[in-house]
Every structure is written in structure tokens, then in C-alpha cells.
$ cat structure.pdb   # PDB, C-alpha atoms
ATOM      1  CA  MET A   1      29.673 161.881 108.452
ATOM      2  CA  VAL A   2      26.967 163.984 110.097
ATOM      3  CA  ASP A   3      28.301 166.772 112.313
ATOM      4  CA  GLU A   4      27.753 165.605 115.905
ATOM      5  CA  GLU A   5      26.841 169.125 117.026
ATOM      6  CA  ARG A   6      24.022 169.199 114.480
ATOM      7  CA  GLN A   7      22.587 166.166 116.262
ATOM      8  CA  ARG A   8      22.264 168.059 119.550
ATOM      9  CA  PHE A   9      19.106 169.903 120.490
ATOM     10  CA  GLU A  10      19.543 173.656 120.756
ATOM     11  CA  PHE A  11      18.711 173.893 124.453
ATOM     12  CA  GLY A  12      20.176 177.375 124.662
ATOM     13  CA  ASN A  13      17.898 178.799 121.975
ATOM     14  CA  ASN A  14      14.915 177.272 123.741
ATOM     15  CA  TRP A  15      15.906 178.860 127.056
ATOM     16  CA  TYR A  16      16.623 182.228 125.446
ATOM     17  CA  HIS A  17      13.092 182.457 124.075
ATOM     18  CA  PHE A  18      11.684 181.313 127.410
ATOM     19  CA  ILE A  19      13.562 183.962 129.374
ATOM     20  CA  GLN A  20      12.689 186.763 126.977
ATOM     21  CA  LYS A  21       8.986 186.120 127.523
ATOM     22  CA  ASN A  22       8.753 184.692 131.012
ATOM     23  CA  PHE A  23      11.513 185.817 133.368
ATOM     24  CA  GLY A  24      10.318 187.692 136.418
ATOM     25  CA  PRO A  25       9.971 187.604 140.230
ATOM     26  CA  GLU A  26       7.069 185.144 140.179
ATOM     27  CA  ARG A  27       9.045 182.570 138.174
ATOM     28  CA  VAL A  28      11.957 182.917 140.583
ATOM     29  CA  ARG A  29       9.680 182.567 143.606
ATOM     30  CA  ILE A  30       8.160 179.345 142.268
ATOM     31  CA  SER A  31      11.566 177.898 141.377
ATOM     32  CA  LYS A  32      12.942 178.772 144.818
ATOM     33  CA  LYS A  33       9.963 177.159 146.537
ATOM     34  CA  HIS A  34      10.373 173.931 144.568
ATOM     35  CA  LEU A  35      14.085 173.805 145.371
ATOM     36  CA  LEU A  36      13.696 174.452 149.097
ATOM     37  CA  ASP A  37      10.662 172.193 149.483
ATOM     38  CA  PHE A  38      12.492 169.261 147.944
ATOM     39  CA  ILE A  39      15.632 169.587 150.052
ATOM     40  CA  GLU A  40      13.445 170.392 153.086
ATOM     41  CA  ARG A  41      15.192 173.611 154.072
ATOM     42  CA  ASP A  42      13.938 177.113 154.759
ATOM     43  CA  ASP A  43      16.865 178.729 152.949
ATOM     44  CA  LEU A  44      20.385 178.202 151.571
ATOM     45  CA  LYS A  45      22.096 180.680 153.867
ATOM     46  CA  GLY A  46      25.791 179.979 154.220
ATOM     47  CA  LEU A  47      25.800 177.352 151.441
ATOM     48  CA  THR A  48      27.716 177.299 148.170
ATOM     49  CA  PHE A  49      25.699 176.244 145.112
ATOM     50  CA  LEU A  50      26.837 174.678 141.826
ATOM     51  CA  ASP A  51      24.327 174.699 138.947
ATOM     52  CA  ILE A  52      25.352 172.087 136.374
ATOM     53  CA  GLY A  53      23.652 172.769 133.068
ATOM     54  CA  CYS A  54      22.452 176.189 134.202
ATOM     55  CA  GLY A  55      20.323 176.696 131.081
ATOM     56  CA  SER A  56      18.214 179.812 131.538
ATOM     57  CA  GLY A  57      19.874 180.802 134.812
ATOM     58  CA  LEU A  58      16.485 180.770 136.549
ATOM     59  CA  HIS A  59      17.475 178.195 139.157
ATOM     60  CA  SER A  60      20.754 179.953 139.871
ATOM     61  CA  VAL A  61      18.737 183.085 140.609
ATOM     62  CA  ALA A  62      16.451 181.023 142.844
ATOM     63  CA  ALA A  63      19.500 179.810 144.789
ATOM     64  CA  LEU A  64      20.707 183.381 145.228
ATOM     65  CA  GLU A  65      17.262 184.475 146.382
ATOM     66  CA  ALA A  66      17.278 181.570 148.842
ATOM     67  CA  GLY A  67      20.418 182.968 150.445
ATOM     68  CA  ALA A  68      23.260 180.962 148.887
ATOM     69  CA  VAL A  69      26.571 182.621 149.725
ATOM     70  CA  SER A  70      27.850 181.955 146.220
ATOM     71  CA  VAL A  71      26.464 180.453 143.020
ATOM     72  CA  ARG A  72      28.480 179.044 140.140
ATOM     73  CA  GLY A  73      26.761 177.879 136.984
ATOM     74  CA  PHE A  74      28.062 176.335 133.806
ATOM     75  CA  ASP A  75      26.610 174.868 130.640
ATOM     76  CA  TYR A  76      27.926 173.072 127.569
ATOM     77  CA  ASP A  77      25.649 175.109 125.283
ATOM     78  CA  ALA A  78      27.068 178.552 124.474
ATOM     79  CA  ASN A  79      23.565 179.992 124.018
ATOM     80  CA  SER A  80      22.569 178.769 127.472
ATOM     81  CA  VAL A  81      25.610 180.525 128.898
ATOM     82  CA  ALA A  82      24.638 183.696 127.029
ATOM     83  CA  THR A  83      21.075 183.433 128.345
ATOM     84  CA  SER A  84      22.265 183.034 131.943
ATOM     85  CA  ARG A  85      24.556 186.022 131.496
ATOM     86  CA  TYR A  86      21.636 188.030 130.130
ATOM     87  CA  VAL A  87      19.724 187.228 133.325
ATOM     88  CA  GLN A  88      22.798 188.176 135.355
ATOM     89  CA  ALA A  89      22.781 191.576 133.688
ATOM     90  CA  GLN A  90      19.101 192.061 134.516
ATOM     91  CA  LEU A  91      20.022 191.597 138.183
ATOM     92  CA  GLY A  92      22.987 193.961 138.050
ATOM     93  CA  ASN A  93      25.655 191.245 137.703
ATOM     94  CA  PRO A  94      25.801 189.987 141.317
ATOM     95  CA  SER A  95      29.410 189.496 142.386
ATOM     96  CA  ASN A  96      28.625 186.147 144.036
ATOM     97  CA  TRP A  97      27.206 184.592 140.849
ATOM     98  CA  THR A  98      29.500 183.353 138.080
ATOM     99  CA  VAL A  99      28.561 181.698 134.789
ATOM    100  CA  GLU A 100      30.893 179.919 132.395
ATOM    101  CA  GLN A 101      30.921 177.474 129.526
ATOM    102  CA  GLY A 102      32.079 173.937 130.243
ATOM    103  CA  SER A 103      31.188 170.279 130.049
ATOM    104  CA  VAL A 104      30.434 168.013 132.977
ATOM    105  CA  LEU A 105      32.158 165.280 130.957
ATOM    106  CA  ASP A 106      35.418 167.245 130.906
ATOM    107  CA  ASP A 107      37.332 165.716 133.822
ATOM    108  CA  THR A 108      39.889 168.518 133.981
ATOM    109  CA  PHE A 109      37.257 171.243 133.941
ATOM    110  CA  VAL A 110      35.240 169.505 136.661
ATOM    111  CA  LYS A 111      38.296 168.927 138.845
ATOM    112  CA  ASN A 112      39.055 172.648 138.749
ATOM    113  CA  LEU A 113      35.552 173.540 139.941
ATOM    114  CA  GLY A 114      36.226 172.486 143.527
ATOM    115  CA  THR A 115      33.496 171.253 145.865
ATOM    116  CA  TYR A 116      30.172 172.730 146.978
ATOM    117  CA  ASP A 117      27.545 172.378 149.674
ATOM    118  CA  LEU A 118      24.769 171.820 147.127
ATOM    119  CA  VAL A 119      25.297 170.543 143.592
ATOM    120  CA  TYR A 120      22.172 170.891 141.467
ATOM    121  CA  SER A 121      21.491 169.449 138.019
ATOM    122  CA  TRP A 122      17.865 169.203 136.967
ATOM    123  CA  GLY A 123      17.130 167.321 133.745
ATOM    124  CA  VAL A 124      20.646 167.730 132.355
ATOM    125  CA  LEU A 125      22.967 164.785 132.947
ATOM    126  CA  HIS A 126      21.003 162.366 130.754
ATOM    127  CA  HIS A 127      21.514 164.728 127.779
ATOM    128  CA  THR A 128      25.321 164.638 127.867
ATOM    129  CA  GLY A 129      25.884 161.445 125.874
ATOM    130  CA  ASP A 130      27.364 159.605 128.888
ATOM    131  CA  VAL A 131      24.975 159.824 131.822
ATOM    132  CA  TRP A 132      27.031 157.692 134.224
ATOM    133  CA  GLN A 133      30.233 159.669 133.742
ATOM    134  CA  ALA A 134      28.177 162.843 134.084
ATOM    135  CA  ILE A 135      26.756 161.646 137.408
ATOM    136  CA  ARG A 136      30.204 160.595 138.589
ATOM    137  CA  ASN A 137      31.699 164.003 137.797
ATOM    138  CA  ALA A 138      28.763 165.884 139.294
ATOM    139  CA  ALA A 139      29.096 163.833 142.468
ATOM    140  CA  ALA A 140      32.800 164.677 142.673
ATOM    141  CA  CYS A 141      31.823 168.337 143.115
ATOM    142  CA  VAL A 142      29.950 167.668 146.370
ATOM    143  CA  ARG A 143      31.858 168.284 149.567
ATOM    144  CA  PRO A 144      31.643 165.648 152.376
ATOM    145  CA  GLY A 145      28.285 166.128 154.059
ATOM    146  CA  GLY A 146      27.015 168.124 151.089
ATOM    147  CA  MET A 147      23.945 167.557 148.928
ATOM    148  CA  LEU A 148      23.543 166.295 145.364
ATOM    149  CA  TYR A 149      20.140 167.175 143.859
ATOM    150  CA  VAL A 150      19.629 165.692 140.396
ATOM    151  CA  ALA A 151      16.671 164.908 138.182
ATOM    152  CA  LEU A 152      17.021 162.141 135.597
ATOM    153  CA  TYR A 153      14.678 160.832 132.912
ATOM    154  CA  SER A 154      13.270 157.678 134.407
ATOM    155  CA  ALA A 155      13.085 154.414 132.491
ATOM    156  CA  ASP A 156      10.551 153.297 135.105
ATOM    157  CA  ALA A 157       8.105 156.102 134.294
ATOM    158  CA  GLN A 158       8.071 155.570 130.531
ATOM    159  CA  VAL A 159       5.942 152.456 130.136
ATOM    160  CA  ASN A 160       3.677 153.322 127.210
ATOM    161  CA  PRO A 161       5.101 154.382 124.836
ATOM    162  CA  PRO A 162       8.429 152.774 125.805
ATOM    163  CA  PRO A 163      11.786 154.597 125.885
ATOM    164  CA  GLU A 164      12.654 153.337 122.384
ATOM    165  CA  PHE A 165       9.647 155.230 120.998
ATOM    166  CA  TRP A 166      10.777 158.499 122.550
ATOM    167  CA  LEU A 167      14.400 158.069 121.490
ATOM    168  CA  ASP A 168      13.202 157.738 117.897
ATOM    169  CA  VAL A 169      10.984 160.835 118.261
ATOM    170  CA  LYS A 170      13.860 162.885 119.662
ATOM    171  CA  GLN A 171      16.212 161.975 116.840
ATOM    172  CA  LYS A 172      13.572 162.921 114.269
ATOM    173  CA  TYR A 173      12.826 166.202 116.029
ATOM    174  CA  VAL A 174      16.445 167.321 116.331
ATOM    175  CA  THR A 175      17.047 166.812 112.591
ATOM    176  CA  ALA A 176      13.732 168.387 111.512
ATOM    177  CA  GLY A 177      13.214 171.883 110.162
ATOM    178  CA  TRP A 178      11.206 174.626 111.879
ATOM    179  CA  LEU A 179       7.854 173.718 110.274
ATOM    180  CA  LYS A 180       8.090 170.008 111.032
ATOM    181  CA  ARG A 181       9.052 170.791 114.630
ATOM    182  CA  ARG A 182       5.930 172.933 115.075
ATOM    183  CA  TYR A 183       3.881 170.078 113.630
ATOM    184  CA  MET A 184       5.476 167.682 116.121
ATOM    185  CA  ASP A 185       4.757 170.115 118.978
ATOM    186  CA  LEU A 186       1.066 170.080 118.044
ATOM    187  CA  TRP A 187       1.120 166.306 117.506
ATOM    188  CA  TYR A 188       2.410 165.864 121.038
ATOM    189  CA  VAL A 189      -0.295 168.107 122.487
ATOM    190  CA  TRP A 190      -3.041 166.385 120.459
ATOM    191  CA  ARG A 191      -1.925 162.834 121.293
ATOM    192  CA  PHE A 192      -0.509 163.055 124.795
ATOM    193  CA  GLN A 193      -2.131 166.119 126.332
ATOM    194  CA  MET A 194      -5.581 166.072 124.721
ATOM    195  CA  ARG A 195      -5.628 162.321 123.953
ATOM    196  CA  TYR A 196      -7.256 162.858 120.555
ATOM    197  CA  ASN A 197     -10.253 164.524 122.238
ATOM    198  CA  PRO A 198     -11.038 168.185 121.365
ATOM    199  CA  LEU A 199     -13.245 168.375 124.453
ATOM    200  CA  ARG A 200     -10.064 168.238 126.535
ATOM    201  CA  LEU A 201      -8.891 171.602 125.176
ATOM    202  CA  PRO A 202     -10.163 173.598 128.207
ATOM    203  CA  LEU A 203      -8.329 171.191 130.516
ATOM    204  CA  PHE A 204      -5.141 171.569 128.489
ATOM    205  CA  LEU A 205      -5.379 175.373 128.607
ATOM    206  CA  TRP A 206      -5.950 175.217 132.360
ATOM    207  CA  ARG A 207      -2.893 172.987 132.757
ATOM    208  CA  MET A 208      -0.833 175.431 130.703
ATOM    209  CA  HIS A 209      -1.898 178.238 133.034
ATOM    210  CA  LYS A 210      -1.034 176.235 136.146
ATOM    211  CA  TYR A 211       2.134 174.641 134.774
ATOM    212  CA  LYS A 212       4.473 177.435 135.784
ATOM    213  CA  LYS A 213       3.627 176.767 139.425
ATOM    214  CA  SER A 214       5.572 173.490 139.340
ATOM    215  CA  ARG A 215       9.126 174.834 138.876
ATOM    216  CA  GLY A 216       8.475 178.239 137.379
ATOM    217  CA  MET A 217       8.745 176.868 133.852
ATOM    218  CA  ASN A 218       6.677 177.130 130.664
ATOM    219  CA  MET A 219       4.764 174.163 129.236
ATOM    220  CA  PHE A 220       5.663 174.673 125.563
ATOM    221  CA  THR A 221       9.301 175.341 126.423
ATOM    222  CA  ASP A 222       9.378 172.020 128.254
ATOM    223  CA  ILE A 223       7.488 170.246 125.443
ATOM    224  CA  ARG A 224      10.119 171.362 122.932
ATOM    225  CA  ASP A 225      12.831 170.383 125.402
ATOM    226  CA  TRP A 226      11.222 166.951 125.800
ATOM    227  CA  LEU A 227      10.697 166.278 122.094
ATOM    228  CA  GLY A 228      14.089 167.586 121.005
ATOM    229  CA  GLY A 229      16.218 166.539 123.946
ATOM    230  CA  TRP A 230      18.989 164.667 122.167
ATOM    231  CA  PRO A 231      21.385 163.074 123.058
ATOM    232  CA  MET A 232      19.311 161.242 125.610
ATOM    233  CA  GLU A 233      19.525 158.293 128.002
ATOM    234  CA  PHE A 234      16.854 156.853 130.286
ATOM    235  CA  VAL A 235      17.899 155.716 133.759
ATOM    236  CA  TYR A 236      16.213 153.210 136.059
ATOM    237  CA  ASP A 237      15.717 154.743 139.496
ATOM    238  CA  LYS A 238      17.285 151.802 141.321
ATOM    239  CA  ASP A 239      20.372 151.987 139.102
ATOM    240  CA  ALA A 240      20.850 155.672 139.907
ATOM    241  CA  VAL A 241      20.529 154.982 143.632
ATOM    242  CA  SER A 242      22.955 152.046 143.500
ATOM    243  CA  PHE A 243      25.479 153.981 141.436
ATOM    244  CA  CYS A 244      25.481 156.945 143.799
ATOM    245  CA  LYS A 245      25.724 154.644 146.804
ATOM    246  CA  GLU A 246      28.915 153.216 145.326
ATOM    247  CA  LEU A 247      30.215 156.782 145.039
ATOM    248  CA  GLY A 248      29.712 157.288 148.766
ATOM    249  CA  PHE A 249      26.255 158.887 148.833
ATOM    250  CA  SER A 250      23.148 158.166 150.865
ATOM    251  CA  LEU A 251      19.680 158.683 149.345
ATOM    252  CA  GLN A 252      17.693 161.191 151.410
ATOM    253  CA  ARG A 253      14.644 161.759 149.246
ATOM    254  CA  ILE A 254      13.179 160.658 145.923
ATOM    255  CA  ALA A 255      10.186 161.938 143.943
ATOM    256  CA  THR A 256       8.847 159.654 141.205
ATOM    257  CA  GLY A 257       5.824 159.535 138.937
ATOM    258  CA  GLU A 258       6.887 162.114 136.337
ATOM    259  CA  ALA A 259       9.200 161.794 133.329
ATOM    260  CA  ASN A 260      12.033 163.007 135.554
ATOM    261  CA  THR A 261      12.734 161.331 138.869
ATOM    262  CA  GLU A 262      14.206 163.721 141.418
ATOM    263  CA  PHE A 263      16.905 162.481 143.794
ATOM    264  CA  LEU A 264      18.464 164.102 146.837
ATOM    265  CA  PHE A 265      21.684 162.455 147.994
ATOM    266  CA  ILE A 266      24.010 163.330 150.876
ATOM    267  CA  ARG A 267      27.707 162.668 150.531
ATOM    268  CA  LEU A 268      28.956 160.630 153.458
ATOM    269  CA  ALA A 269      31.817 162.145 155.407
ATOM    270  CA  SER A 270      33.680 158.865 155.087
ATOM    271  CA  PRO A 271      32.643 157.075 151.857
ATOM    272  CA  LYS A 272      32.550 153.314 152.011
TER
END

$ encode --input "structure.pdb" --output "C-alpha cells"
Amino acid sequence: MVDEERQRFEFGNNWYHFIQKNFGPERVRISKKHLLDFIERDDLKGLTFLDIGCGSGLHSVAALEAGAVSVRGFDYDANSVATSRYVQAQLGNPSNWTVEQGSVLDDTFVKNLGTYDLVYSWGVLHHTGDVWQAIRNAAACVRPGGMLYVALYSADAQVNPPPEFWLDVKQKYVTAGWLKRRYMDLWYVWRFQMRYNPLRLPLFLWRMHKYKKSRGMNMFTDIRDWLGGWPMEFVYDKDAVSFCKELGFSLQRIATGEANTEFLFIRLASPK
């Protein structure tokens, strides 16, 4: 039997290398802007913030910079936790920011987290192995009247190639060695970014330069995350909306058109 952990992508290693090369005030500023723009607020003053799948810790820092009264982050991947703690240390270990290891699929762990004004999980829940239970547990952490901001890989967005193609790619990538992974990185750029046309290289380089302005991220970090992101489940947008409605949430905003669809839900004070 193949060790299940060996079939998981090393998200934490990816984020560690990203942070070592890219962390700084500009990345935080861009991440904060994306967060606040999407939830249509000027700041997070007076709000508690839960970062599920905190990864690099960048978005937790953005929440702090936006004025959150407290930030709690956790991640299943021990290296992601270590990376977030490294970032904590760079900021002098703020007393209102905690980081721990835990799984959103662990009902007992989640129950002990309590509830928050804003629960944030960007591109994480579909990598747990049980996306619907992950959404359910994340939603349970939102206080009545609070916000749930999640981004999920959309089955609607992946038309050509279809989801089955990408699931096969991800399983091959996560079991590949270092050299084959670098080959697959370049294959992705050549096929999907440059479209087999060397004349598109200047455009690709320009996009790389501008990419960090989206959420403060790095294009090659996200490419590796995309190719290796296993386990993985695609979610139809309408199914996510219906599921959260059944949990007592109202959809406030949705952003489609990319691999991840972003959702902002509000938890009703009196769920149906």
C-alpha cells in the first residue's frame, strides 16, 4: 500500500521557498487590498479572523495589517505551520496572532476553535480529501452575522481540458521526482501560458511581473501549487452556493472566470 502522505503535495515546502524570496510589505499590501476589496470593507477593525490553511502566513499578516483584533491560523501541513511561524518571528511575534497545526476535517479540533467574524480559506478546502465536510466545518466557525470567504476550484471554469485531465496531471506530478516536476512546470508554461508560440514569451514575462498584483503571490509558486495540488476536488459553483445555503448562509458576492471561484457568504442570525 502506498503511504497516503506521500500522495499529498508538499504545500508547505512550496510556501517556504516563496516566503524566503518574496515576503515583504508590498506583498502584504497587495494581499490586504484583494481581501478588503472582495469583502467590500475599508478595514477589519474590531473583527476576529480565522485563516484555514494558512500556508505562508501572508494572508494572516494582511488581516492583521487591515486591523483585525485577533488572527488565528492553522494548517494541516507541518511545513506550512513552520513557514507561518517564521513570518510571525519576522514581525516580532504579535500577541494577537496564533498559528497551530490542525485539520479542518478534525471535528473535535474545529469545535474547539470557537467562532469568528471572518473565516477565510482561499484555495484550501478542495485539497483536503473531503471538500464538503471541509466546507461544513469551516462554516461552523462563523459566528451568526459573520462572513465566510472561500475560494474553490471550479468545475465550471475547467472546460478544456476537463477536470479529469487535471486530476491525472496532479497525481503524476505529486509522485514525480524533482527533475520531472521541473519538466512539467515548463510543459505547463509552454502549453498553457505560451500556447506553443515562442513569440508569446514577452507576454508571459510581462504577466509574471504583474502577477503578484493579484493577491501578492508568485506565478511559479502558484503553477507548482496548481500542478501538484493533490488531493483535489472540483466544485460546481451552484453546488457550493446551495450547500452553504442549507448551512444557513446567504451568498453576498461571487467572482468567477478563474480556476478558483471566490465566494463571500454571510451567516444568517437565524438559520433556516

$ closest_residue --input "structure.pdb" --among "A:Arg136, A:Val150, A:Phe9, A:Phe204" --to "Asp225 in chain A" --atoms "only C-alpha atoms"
A:Phe9

$ residues_around --input "structure.pdb" --residues "His127 in chain A" --least-positions-apart "2" --cutoff "8 Å" --atoms "all atoms listed in the file" --output "count of residues only"
11

$ resolve_selection --input "structure.pdb" --expression "the PyMOL selection byres ((chain A and resi 248) around 10)" --output "VMD selection string"
chain A and resid 139 144 243 to 247 249 to 250 265 to 272

$ atom_distance --input "structure.pdb" --atom1 "CA of Lys111 in chain A" --atom2 "CA of Ile135 in chain A"
13.7 Å

$ closest_residue --input "structure.pdb" --among "A:Lys21, A:Lys172, A:His59, A:Arg182" --to "Gly73 in chain A" --atoms "all atoms listed in the file"
A:His59

$ resolve_selection --input "structure.pdb" --expression "the PyMOL selection byres ((chain A and resi 39-42) around 9)" --output "number ranges by chain"
A: 34-38, 43-45, 66, 147, 149, 252-253, 264

$ closest_residue --input "structure.pdb" --among "A:Thr115, A:Ser84, A:Gln7, A:Asn79" --to "Thr48 in chain A" --atoms "only C-alpha atoms"
A:Thr115

$ closest_residue --input "structure.pdb" --among "A:Gln171, A:Ser103, A:Asn197, A:Asn22" --to "Gly228 in chain A" --atoms "only C-alpha atoms"
A:Gln171
